[in-house]
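Here is the file work.cif (mmCIF, C-alpha atoms).
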```cif
data_data
loop_
_atom_site.label_atom_id
_atom_site.label_comp_id
_atom_site.auth_asym_id
_atom_site.auth_seq_id
_atom_site.Cartn_x
_atom_site.Cartn_y
_atom_site.Cartn_z
CA MET Y 1 4.65 23.61 -1.02
CA ASN Y 2 6.86 21.77 1.43
CA LEU Y 3 7.37 18.02 1.53
CA ARG Y 4 5.12 17.46 4.57
CA LYS Y 5 2.21 19.23 2.86
CA LEU Y 6 2.78 17.28 -0.36
CA HIS Y 7 2.85 13.99 1.57
CA ARG Y 8 -0.28 14.96 3.50
CA LYS Y 9 -2.18 16.10 0.37
CA THR Y 10 -1.25 13.05 -1.70
CA ALA Y 11 -2.11 10.45 0.96
CA PRO Y 12 -5.92 10.89 0.84
CA ILE Y 13 -5.89 10.57 -2.95
CA LEU Y 14 -4.07 7.23 -2.71
CA PHE Y 15 -5.99 5.99 0.34
CA ILE Y 16 -8.78 4.04 -1.41
CA PRO Y 17 -6.67 2.51 -4.23
CA LEU Y 18 -3.94 1.43 -1.81
CA LEU Y 19 -6.43 0.12 0.76
CA LEU Y 20 -8.21 -1.86 -1.94
CA THR Y 21 -4.89 -3.21 -3.21
CA ALA Y 22 -3.72 -4.23 0.28
CA LEU Y 23 -6.99 -5.88 1.32
CA THR Y 24 -7.51 -7.79 -1.93
CA GLY Y 25 -3.87 -8.92 -2.08
CA VAL Y 26 -4.10 -10.30 1.45
CA ALA Y 27 -7.55 -11.82 0.86
CA TYR Y 28 -6.30 -13.53 -2.31
CA ARG Y 29 -3.16 -15.00 -0.77
CA ILE Y 30 -4.69 -16.02 2.59
CA GLY Y 31 -7.89 -17.26 0.96
CA ARG Y 32 -6.03 -19.40 -1.55
CA SER Y 33 -3.17 -20.60 0.70
CA TRP Y 34 -4.88 -21.19 4.04
CA PHE Y 35 -8.54 -21.71 3.16
CA GLY Y 36 -8.29 -23.27 -0.29
CA LEU Y 37 -10.81 -20.84 -1.71
CA SER Y 38 -11.89 -21.27 -5.33
CA ASP Y 39 -10.31 -20.01 -8.51
CA GLU Y 40 -13.40 -17.81 -8.97
CA PHE Y 41 -12.69 -16.13 -5.62
CA GLY Y 42 -9.05 -15.67 -6.63
CA ASP Y 43 -10.00 -14.19 -10.00
CA PHE Y 44 -12.42 -11.75 -8.33
CA MET Y 45 -9.79 -10.63 -5.80
CA MET Y 46 -7.21 -10.16 -8.56
CA ALA Y 47 -9.71 -8.19 -10.65
CA LEU Y 48 -10.06 -5.78 -7.73
CA HIS Y 49 -6.34 -5.88 -6.89
CA GLU Y 50 -5.28 -4.88 -10.40
CA GLY Y 51 -8.19 -2.55 -11.15
CA ARG Y 52 -9.62 -4.75 -13.91
CA PHE Y 53 -13.06 -3.28 -13.09
CA LEU Y 54 -11.84 -0.11 -14.87
CA GLY Y 55 -11.44 -1.96 -18.18
CA LYS Y 56 -8.56 -3.94 -19.64
CA PRO Y 57 -6.76 -1.01 -21.35
CA ILE Y 58 -6.73 0.99 -18.09
CA VAL Y 59 -5.28 -1.79 -15.89
CA PRO Y 60 -1.58 -1.10 -16.61
CA ILE Y 61 -2.12 2.64 -16.14
CA TYR Y 62 -3.97 2.08 -12.85
CA VAL Y 63 -1.26 -0.29 -11.57
CA LEU Y 64 1.45 2.16 -12.65
CA LEU Y 65 -0.20 5.12 -10.91
CA VAL Y 66 -0.89 3.21 -7.69
CA GLY Y 67 2.65 1.79 -7.66
CA LEU Y 68 4.26 5.15 -8.34
CA GLY Y 69 2.00 6.73 -5.73
CA LEU Y 70 3.15 4.22 -3.12
CA LEU Y 71 6.79 4.74 -4.08
CA GLY Y 72 6.34 8.50 -3.84
CA MET Y 73 4.79 8.15 -0.38
CA ILE Y 74 7.69 5.93 0.70
CA VAL Y 75 10.34 8.39 -0.48
CA SER Y 76 8.63 11.45 0.96
CA GLY Y 77 7.77 9.62 4.18
CA ILE Y 78 11.32 8.44 4.79
CA THR Y 79 12.58 11.95 4.11
CA LEU Y 80 10.09 13.29 6.67
CA ILE Y 81 11.15 10.69 9.24
CA LYS Y 82 14.81 11.69 8.79
CA GLN Y 83 13.85 15.33 9.28
CA SER Y 84 11.68 14.60 12.32
CA LYS Y 85 14.40 12.57 14.07
CA LYS Y 86 16.38 15.75 14.50
CA THR Y 87 13.53 17.41 16.43
CA ALA Y 88 12.20 14.29 18.17
CA ILE Y 89 15.21 13.85 20.47
CA SER Y 90 13.99 16.45 22.96
CA LYS Y 91 10.28 15.41 22.91
CA PRO Y 92 8.83 12.84 25.34
CA LEU Y 93 7.85 9.49 23.81
CA LYS Y 94 4.10 8.85 23.55
CA LEU Y 95 2.37 6.19 21.48
CA ASP Y 96 -0.19 7.74 19.15
CA GLU Y 97 -1.02 7.38 15.45
CA ARG Y 98 1.94 9.57 14.45
CA ARG Y 99 4.43 7.49 16.46
CA LEU Y 100 2.94 4.22 15.17
CA HIS Y 101 3.18 5.57 11.61
CA GLN Y 102 6.81 6.54 12.17
CA VAL Y 103 7.68 3.15 13.69
CA ILE Y 104 6.08 1.05 10.93
CA ALA Y 105 7.37 3.17 8.01
CA PRO Y 106 11.09 2.35 8.14
CA ILE Y 107 10.41 -1.33 8.77
CA ALA Y 108 7.85 -1.74 6.00
CA SER Y 109 9.28 0.62 3.39
CA LEU Y 110 11.56 -1.97 1.76
CA PRO Y 111 8.84 -4.66 1.41
CA PHE Y 112 6.42 -1.95 0.18
CA ALA Y 113 8.94 -0.78 -2.42
CA VAL Y 114 9.75 -4.32 -3.58
CA SER Y 115 6.05 -5.16 -3.85
CA ALA Y 116 5.25 -1.95 -5.74
CA ILE Y 117 8.15 -2.24 -8.17
CA THR Y 118 7.67 -5.92 -8.98
CA GLY Y 119 3.89 -5.51 -9.25
CA VAL Y 120 4.23 -2.60 -11.66
CA PHE Y 121 6.95 -4.30 -13.73
CA TYR Y 122 4.88 -7.51 -13.85
CA ARG Y 123 1.71 -5.79 -15.04
CA LEU Y 124 3.39 -3.38 -17.48
CA GLY Y 125 5.66 -6.11 -18.76
CA ARG Y 126 2.73 -8.40 -19.48
CA ALA Y 127 0.50 -5.69 -20.95
CA TRP Y 128 2.90 -3.47 -22.89
CA PHE Y 129 6.32 -5.07 -23.27
CA GLY Y 130 5.65 -8.72 -24.10
CA LEU Y 131 7.35 -10.11 -21.02
CA SER Y 132 7.98 -13.85 -21.32
CA ASP Y 133 6.22 -16.27 -18.97
CA GLU Y 134 9.55 -17.00 -17.28
CA GLN Y 135 10.27 -13.31 -16.63
CA ALA Y 136 6.70 -12.66 -15.46
CA THR Y 137 6.82 -15.64 -13.11
CA PHE Y 138 10.09 -14.37 -11.64
CA LEU Y 139 8.57 -10.93 -10.91
CA LEU Y 140 5.40 -12.47 -9.49
CA LYS Y 141 7.43 -14.74 -7.18
CA ILE Y 142 9.21 -11.69 -5.76
CA HIS Y 143 5.96 -9.69 -5.58
CA GLN Y 144 4.22 -12.29 -3.44
CA GLY Y 145 7.22 -13.54 -1.48
CA SER Y 146 7.24 -17.01 -3.05
CA TYR Y 147 11.00 -17.20 -2.49
CA LEU Y 148 10.19 -17.63 1.23
CA GLY Y 149 8.46 -20.95 0.57
CA SER Y 150 4.82 -22.00 0.70
CA THR Y 151 4.60 -21.72 4.50
CA LEU Y 152 6.04 -18.21 4.84
CA LYS Y 153 4.60 -16.70 1.63
CA PRO Y 154 1.10 -16.07 3.06
CA ILE Y 155 2.62 -14.77 6.30
CA TYR Y 156 4.78 -12.35 4.31
CA VAL Y 157 1.78 -11.12 2.30
CA LEU Y 158 -0.26 -10.80 5.51
CA LEU Y 159 2.47 -8.75 7.19
CA VAL Y 160 3.04 -6.48 4.19
CA GLY Y 161 -0.70 -6.01 3.65
CA THR Y 162 -1.57 -5.33 7.28
CA SER Y 163 1.41 -2.97 7.56
CA LEU Y 164 0.12 -1.04 4.56
CA VAL Y 165 -3.38 -0.90 6.05
CA ALA Y 166 -1.93 0.33 9.36
CA MET Y 167 0.10 2.99 7.53
CA LEU Y 168 -2.97 4.08 5.59
CA LEU Y 169 -5.21 4.26 8.66
CA THR Y 170 -2.71 6.09 10.83
CA GLY Y 171 -1.80 8.38 7.94
CA ILE Y 172 -5.39 9.29 7.11
CA GLN Y 173 -6.00 9.93 10.79
CA MET Y 174 -3.04 12.34 10.88
CA SER Y 175 -4.21 14.10 7.71
CA GLY Y 176 -6.99 15.71 9.71
CA ILE Y 177 -9.73 14.80 7.22
CA PHE Y 178 -11.87 13.16 9.88
CA HIS Y 179 -11.07 15.84 12.45
CA ARG Y 180 -12.21 18.63 10.14
CA ARG Y 181 -15.44 16.81 9.38
CA ARG Y 182 -16.21 16.34 13.09
CA SER Y 183 -15.36 19.97 13.78
CA SER Y 184 -17.62 21.24 10.98
CA GLN Y 185 -20.47 18.94 12.09
CA SER Y 186 -20.27 20.12 15.68
CA THR Y 187 -20.23 23.75 14.49
CA GLU Y 188 -23.34 23.13 12.34
CA SER Y 189 -25.24 21.60 15.28
CA ASP Y 190 -24.48 24.56 17.58
#
```
Would you mind writing the file out in structure tokens?
Amino acid sequence: MNLRKLHRKTAPILFIPLLLTALTGVAYRIGRSWFGLSDEFGDFMMALHEGRFLGKPIVPIYVLLVGLGLLGMIVSGITLIKQSKKTAISKPLKLDERRLHQVIAPIASLPFAVSAITGVFYRLGRAWFGLSDEQATFLLKIHQGSYLGSTLKPIYVLLVGTSLVAMLLTGIQMSGIFHRRRSSQSTESD
């Protein structure tokens, strides 16, 4: 199986967990920072963000798998972009979901990787390795962009989250899942 097929086959599996993670992370940060939403709202968003609905023992495994999945998509995606640059020189430039996906990917890959790595290390460190509060706080500050200050932190989270949602939506569109469904429905109605 080539890299493009692997990337395309893995993306739909990660779609829902990554979409849930992106949306709840943004909702938590924006809700708490800009709208002063309650601790109960924050706890609910974090329960969804970390997969706590699966049960406490599963949370670190869920976070690990989602984080590794995102990192795998980043690595394979960047490799595909490098390969496609060689063939793209002769093609005319048109803006479609593939082009948008290819434009966002190199820009967002570093923040995605930082967020995935620090999120995984934070959760695994707390759950399995007895990470101290100081170490956990350090990882969490990097994960949510706290080093940018209270004004820019929610903007950073919003940009990273919406970039991930855009990558997911354009990627799932390119996977052909929806196209195949429409094609099979139109065939059935004929």
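Distance annotation: of Y:Gly119, Y:Gly176, Y:Gly149, Y:Pro106, the residue with the minimal separation from Y:Leu80 is Y:Pro106; atom set is only C-alpha atoms.
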Can you pull out the residues contacting Y:Ile30? Cut-off 10 Å, using all atoms listed in the file, and skip same-chain residues under 6 positions away; I want them as a PyMOL selection string. chain Y and resi 24+36-37+153-155+157-158
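Atom pair atom CA of Y:Arg123 / atom CA of Y:Leu139: separated by 9.5 Å.
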Could you tell me, as an MDAnalysis selection string, exactly which residues end up selected when the PyMOL selection byres ((chain Y and resi 26) around 9) is applied to this structure? chainID Y and resid 21:25 27:31 154 157:162
How would the residues just chosen look if you wrote them out with C-alpha atoms as a PDB file, keeping the file's coordinate frame?
```
ATOM      1  CA  THR Y  21      -4.890  -3.210  -3.210  1.00  0.00           C
ATOM      2  CA  ALA Y  22      -3.720  -4.230   0.280  1.00  0.00           C
ATOM      3  CA  LEU Y  23      -6.990  -5.880   1.320  1.00  0.00           C
ATOM      4  CA  THR Y  24      -7.510  -7.790  -1.930  1.00  0.00           C
ATOM      5  CA  GLY Y  25      -3.870  -8.920  -2.080  1.00  0.00           C
ATOM      6  CA  ALA Y  27      -7.550 -11.820   0.860  1.00  0.00           C
ATOM      7  CA  TYR Y  28      -6.300 -13.530  -2.310  1.00  0.00           C
ATOM      8  CA  ARG Y  29      -3.160 -15.000  -0.770  1.00  0.00           C
ATOM      9  CA  ILE Y  30      -4.690 -16.020   2.590  1.00  0.00           C
ATOM     10  CA  GLY Y  31      -7.890 -17.260   0.960  1.00  0.00           C
ATOM     11  CA  PRO Y 154       1.100 -16.070   3.060  1.00  0.00           C
ATOM     12  CA  VAL Y 157       1.780 -11.120   2.300  1.00  0.00           C
ATOM     13  CA  LEU Y 158      -0.260 -10.800   5.510  1.00  0.00           C
ATOM     14  CA  LEU Y 159       2.470  -8.750   7.190  1.00  0.00           C
ATOM     15  CA  VAL Y 160       3.040  -6.480   4.190  1.00  0.00           C
ATOM     16  CA  GLY Y 161      -0.700  -6.010   3.650  1.00  0.00           C
ATOM     17  CA  THR Y 162      -1.570  -5.330   7.280  1.00  0.00           C
TER      18      THR Y 162
END
```
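Nearest to Y:Gln173 of all the residues Y:His49, Y:Lys9, Y:Arg98, Y:Arg32 is Y:Arg98, counting only C-alpha atoms.
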The residue from Y:Val66, Y:Ile58, Y:Leu6, Y:Ala105 with the smallest atom-to-atom distance to Y:Lys82, counting all atoms listed in the file, is Y:Ala105
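Interatomic distance, atom CA of Y:Gly171 against atom CA of Y:Ala11: 7.3 Å.
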Around all the atoms of stretch 112-115 of chain Y listed in the file, draw an axis-aligned box and extend it by 6 Å on each of the six sides; I want its centre and edge lengths in Å to one decimal, as lines of an AutoDock Vina configuration file.
```
center_x = 7.9
center_y = -3.0
center_z = -1.8
size_x = 15.7
size_y = 16.4
size_z = 16.0
```
Distance criterion (all atoms listed in the file): nearest to Y:Lys56 out of Y:Leu169, Y:Ile142, Y:Ala127, Y:Met174: Y:Ala127
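Straight-line separation from atom CA of Y:Ile177 to atom CA of Y:Arg8: 10.2 Å.
The shortest atom-to-atom distance to Y:Thr10, with only C-alpha atoms taken into account, belongs to Y:Ile172 out of Y:Ile117, Y:Met45, Y:Ile172, Y:Leu110.
Remark: for Y:Asp96, the closest of the candidate residues Y:Tyr156, Y:Arg4, Y:Asp43, Y:Thr170 is Y:Thr170 (distances computed over only C-alpha atoms).
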Would you translate the PyMOL selection byres ((chain Y and resi 118) around 12) into the concrete set of residues it matches in this file, as a ChimeraX atom specification? /Y:63-64,67-68,71,111-117,119-126,135-145
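Taking only C-alpha atoms, the non-local environment of Y:Gln83 within 12 Å (same-chain residues fewer than 6 positions away omitted) comprises Leu3, Arg4, Ser76, Gly77, Ile89 and Gln102 of chain Y.
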Take the point (0.7, -0.8, 12.0) as written in the file and pick out every residue within 8 Å of it, counting all atoms listed in the file; give the list as a tab-separated table (two decimals) with C-alpha atoms, keeping the file's coordinate frame.
```
chain	number	residue	atom	x	y	z
Y	100	LEU	CA	2.94	4.22	15.17
Y	101	HIS	CA	3.18	5.57	11.61
Y	104	ILE	CA	6.08	1.05	10.93
Y	162	THR	CA	-1.57	-5.33	7.28
Y	163	SER	CA	1.41	-2.97	7.56
Y	164	LEU	CA	0.12	-1.04	4.56
Y	165	VAL	CA	-3.38	-0.90	6.05
Y	166	ALA	CA	-1.93	0.33	9.36
Y	167	MET	CA	0.10	2.99	7.53
Y	170	THR	CA	-2.71	6.09	10.83
```
Completion of stretch 20-31 of chain Y up to all heavy atoms, as a PDB file, keeping the file's coordinate frame:
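File written: result_27.pdb
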```
ATOM      1  N   LEU Y  20      -7.638  -0.797  -1.126  1.00  0.00           N
ATOM      2  CA  LEU Y  20      -8.210  -1.860  -1.940  1.00  0.00           C
ATOM      3  C   LEU Y  20      -7.137  -2.856  -2.374  1.00  0.00           C
ATOM      4  O   LEU Y  20      -7.330  -4.074  -2.299  1.00  0.00           O
ATOM      5  CB  LEU Y  20      -8.907  -1.258  -3.171  1.00  0.00           C
ATOM      6  CG  LEU Y  20      -9.597  -2.240  -4.114  1.00  0.00           C
ATOM      7  CD1 LEU Y  20     -10.757  -2.935  -3.411  1.00  0.00           C
ATOM      8  CD2 LEU Y  20     -10.083  -1.514  -5.359  1.00  0.00           C
ATOM      9  N   THR Y  21      -5.995  -2.349  -2.785  1.00  0.00           N
ATOM     10  CA  THR Y  21      -4.890  -3.210  -3.210  1.00  0.00           C
ATOM     11  C   THR Y  21      -4.393  -4.075  -2.056  1.00  0.00           C
ATOM     12  O   THR Y  21      -4.180  -5.278  -2.226  1.00  0.00           O
ATOM     13  CB  THR Y  21      -3.738  -2.350  -3.769  1.00  0.00           C
ATOM     14  OG1 THR Y  21      -4.227  -1.622  -4.896  1.00  0.00           O
ATOM     15  CG2 THR Y  21      -2.563  -3.196  -4.196  1.00  0.00           C
ATOM     16  N   ALA Y  22      -4.214  -3.482  -0.891  1.00  0.00           N
ATOM     17  CA  ALA Y  22      -3.720  -4.230   0.280  1.00  0.00           C
ATOM     18  C   ALA Y  22      -4.723  -5.304   0.697  1.00  0.00           C
ATOM     19  O   ALA Y  22      -4.351  -6.469   0.902  1.00  0.00           O
ATOM     20  CB  ALA Y  22      -3.446  -3.280   1.436  1.00  0.00           C
ATOM     21  N   LEU Y  23      -5.974  -4.926   0.834  1.00  0.00           N
ATOM     22  CA  LEU Y  23      -6.990  -5.880   1.320  1.00  0.00           C
ATOM     23  C   LEU Y  23      -7.212  -7.022   0.339  1.00  0.00           C
ATOM     24  O   LEU Y  23      -7.323  -8.181   0.753  1.00  0.00           O
ATOM     25  CB  LEU Y  23      -8.302  -5.149   1.603  1.00  0.00           C
ATOM     26  CG  LEU Y  23      -8.271  -4.155   2.762  1.00  0.00           C
ATOM     27  CD1 LEU Y  23      -9.601  -3.426   2.880  1.00  0.00           C
ATOM     28  CD2 LEU Y  23      -7.906  -4.837   4.068  1.00  0.00           C
ATOM     29  N   THR Y  24      -7.270  -6.721  -0.953  1.00  0.00           N
ATOM     30  CA  THR Y  24      -7.510  -7.790  -1.930  1.00  0.00           C
ATOM     31  C   THR Y  24      -6.283  -8.681  -2.107  1.00  0.00           C
ATOM     32  O   THR Y  24      -6.421  -9.886  -2.316  1.00  0.00           O
ATOM     33  CB  THR Y  24      -7.956  -7.215  -3.285  1.00  0.00           C
ATOM     34  OG1 THR Y  24      -6.972  -6.279  -3.749  1.00  0.00           O
ATOM     35  CG2 THR Y  24      -9.309  -6.548  -3.175  1.00  0.00           C
ATOM     36  N   GLY Y  25      -5.083  -8.103  -2.006  1.00  0.00           N
ATOM     37  CA  GLY Y  25      -3.870  -8.920  -2.080  1.00  0.00           C
ATOM     38  C   GLY Y  25      -3.791  -9.902  -0.924  1.00  0.00           C
ATOM     39  O   GLY Y  25      -3.485 -11.090  -1.108  1.00  0.00           O
ATOM     40  N   VAL Y  26      -4.097  -9.423   0.270  1.00  0.00           N
ATOM     41  CA  VAL Y  26      -4.100 -10.300   1.450  1.00  0.00           C
ATOM     42  C   VAL Y  26      -5.216 -11.338   1.344  1.00  0.00           C
ATOM     43  O   VAL Y  26      -5.003 -12.534   1.587  1.00  0.00           O
ATOM     44  CB  VAL Y  26      -4.225  -9.480   2.753  1.00  0.00           C
ATOM     45  CG1 VAL Y  26      -4.496 -10.383   3.950  1.00  0.00           C
ATOM     46  CG2 VAL Y  26      -2.972  -8.653   2.987  1.00  0.00           C
ATOM     47  N   ALA Y  27      -6.418 -10.893   0.964  1.00  0.00           N
ATOM     48  CA  ALA Y  27      -7.550 -11.820   0.860  1.00  0.00           C
ATOM     49  C   ALA Y  27      -7.263 -12.921  -0.162  1.00  0.00           C
ATOM     50  O   ALA Y  27      -7.561 -14.101   0.073  1.00  0.00           O
ATOM     51  CB  ALA Y  27      -8.822 -11.066   0.478  1.00  0.00           C
ATOM     52  N   TYR Y  28      -6.656 -12.541  -1.285  1.00  0.00           N
ATOM     53  CA  TYR Y  28      -6.300 -13.530  -2.310  1.00  0.00           C
ATOM     54  C   TYR Y  28      -5.331 -14.560  -1.744  1.00  0.00           C
ATOM     55  O   TYR Y  28      -5.566 -15.758  -1.806  1.00  0.00           O
ATOM     56  CB  TYR Y  28      -5.688 -12.846  -3.536  1.00  0.00           C
ATOM     57  CG  TYR Y  28      -5.149 -13.842  -4.538  1.00  0.00           C
ATOM     58  CD1 TYR Y  28      -5.995 -14.408  -5.477  1.00  0.00           C
ATOM     59  CD2 TYR Y  28      -3.812 -14.228  -4.524  1.00  0.00           C
ATOM     60  CE1 TYR Y  28      -5.519 -15.338  -6.392  1.00  0.00           C
ATOM     61  CE2 TYR Y  28      -3.324 -15.157  -5.432  1.00  0.00           C
ATOM     62  CZ  TYR Y  28      -4.181 -15.714  -6.361  1.00  0.00           C
ATOM     63  OH  TYR Y  28      -3.708 -16.648  -7.251  1.00  0.00           O
ATOM     64  N   ARG Y  29      -4.204 -14.074  -1.203  1.00  0.00           N
ATOM     65  CA  ARG Y  29      -3.160 -15.000  -0.770  1.00  0.00           C
ATOM     66  C   ARG Y  29      -3.626 -15.858   0.403  1.00  0.00           C
ATOM     67  O   ARG Y  29      -3.429 -17.063   0.420  1.00  0.00           O
ATOM     68  CB  ARG Y  29      -1.896 -14.212  -0.399  1.00  0.00           C
ATOM     69  CG  ARG Y  29      -0.752 -15.046   0.115  1.00  0.00           C
ATOM     70  CD  ARG Y  29      -0.379 -16.284  -0.702  1.00  0.00           C
ATOM     71  NE  ARG Y  29      -0.341 -16.087  -2.114  1.00  0.00           N
ATOM     72  CZ  ARG Y  29      -0.785 -16.991  -3.006  1.00  0.00           C
ATOM     73  NH1 ARG Y  29      -1.298 -18.136  -2.627  1.00  0.00           N
ATOM     74  NH2 ARG Y  29      -0.729 -16.736  -4.292  1.00  0.00           N
ATOM     75  N   ILE Y  30      -4.238 -15.255   1.419  1.00  0.00           N
ATOM     76  CA  ILE Y  30      -4.690 -16.020   2.590  1.00  0.00           C
ATOM     77  C   ILE Y  30      -5.830 -16.951   2.200  1.00  0.00           C
ATOM     78  O   ILE Y  30      -5.865 -18.115   2.604  1.00  0.00           O
ATOM     79  CB  ILE Y  30      -5.131 -15.055   3.728  1.00  0.00           C
ATOM     80  CG1 ILE Y  30      -3.962 -14.183   4.184  1.00  0.00           C
ATOM     81  CG2 ILE Y  30      -5.748 -15.817   4.894  1.00  0.00           C
ATOM     82  CD1 ILE Y  30      -2.744 -14.922   4.652  1.00  0.00           C
ATOM     83  N   GLY Y  31      -6.756 -16.430   1.399  1.00  0.00           N
ATOM     84  CA  GLY Y  31      -7.890 -17.260   0.960  1.00  0.00           C
ATOM     85  C   GLY Y  31      -7.445 -18.474   0.165  1.00  0.00           C
ATOM     86  O   GLY Y  31      -7.954 -19.583   0.375  1.00  0.00           O
TER      87      GLY Y  31
END
```
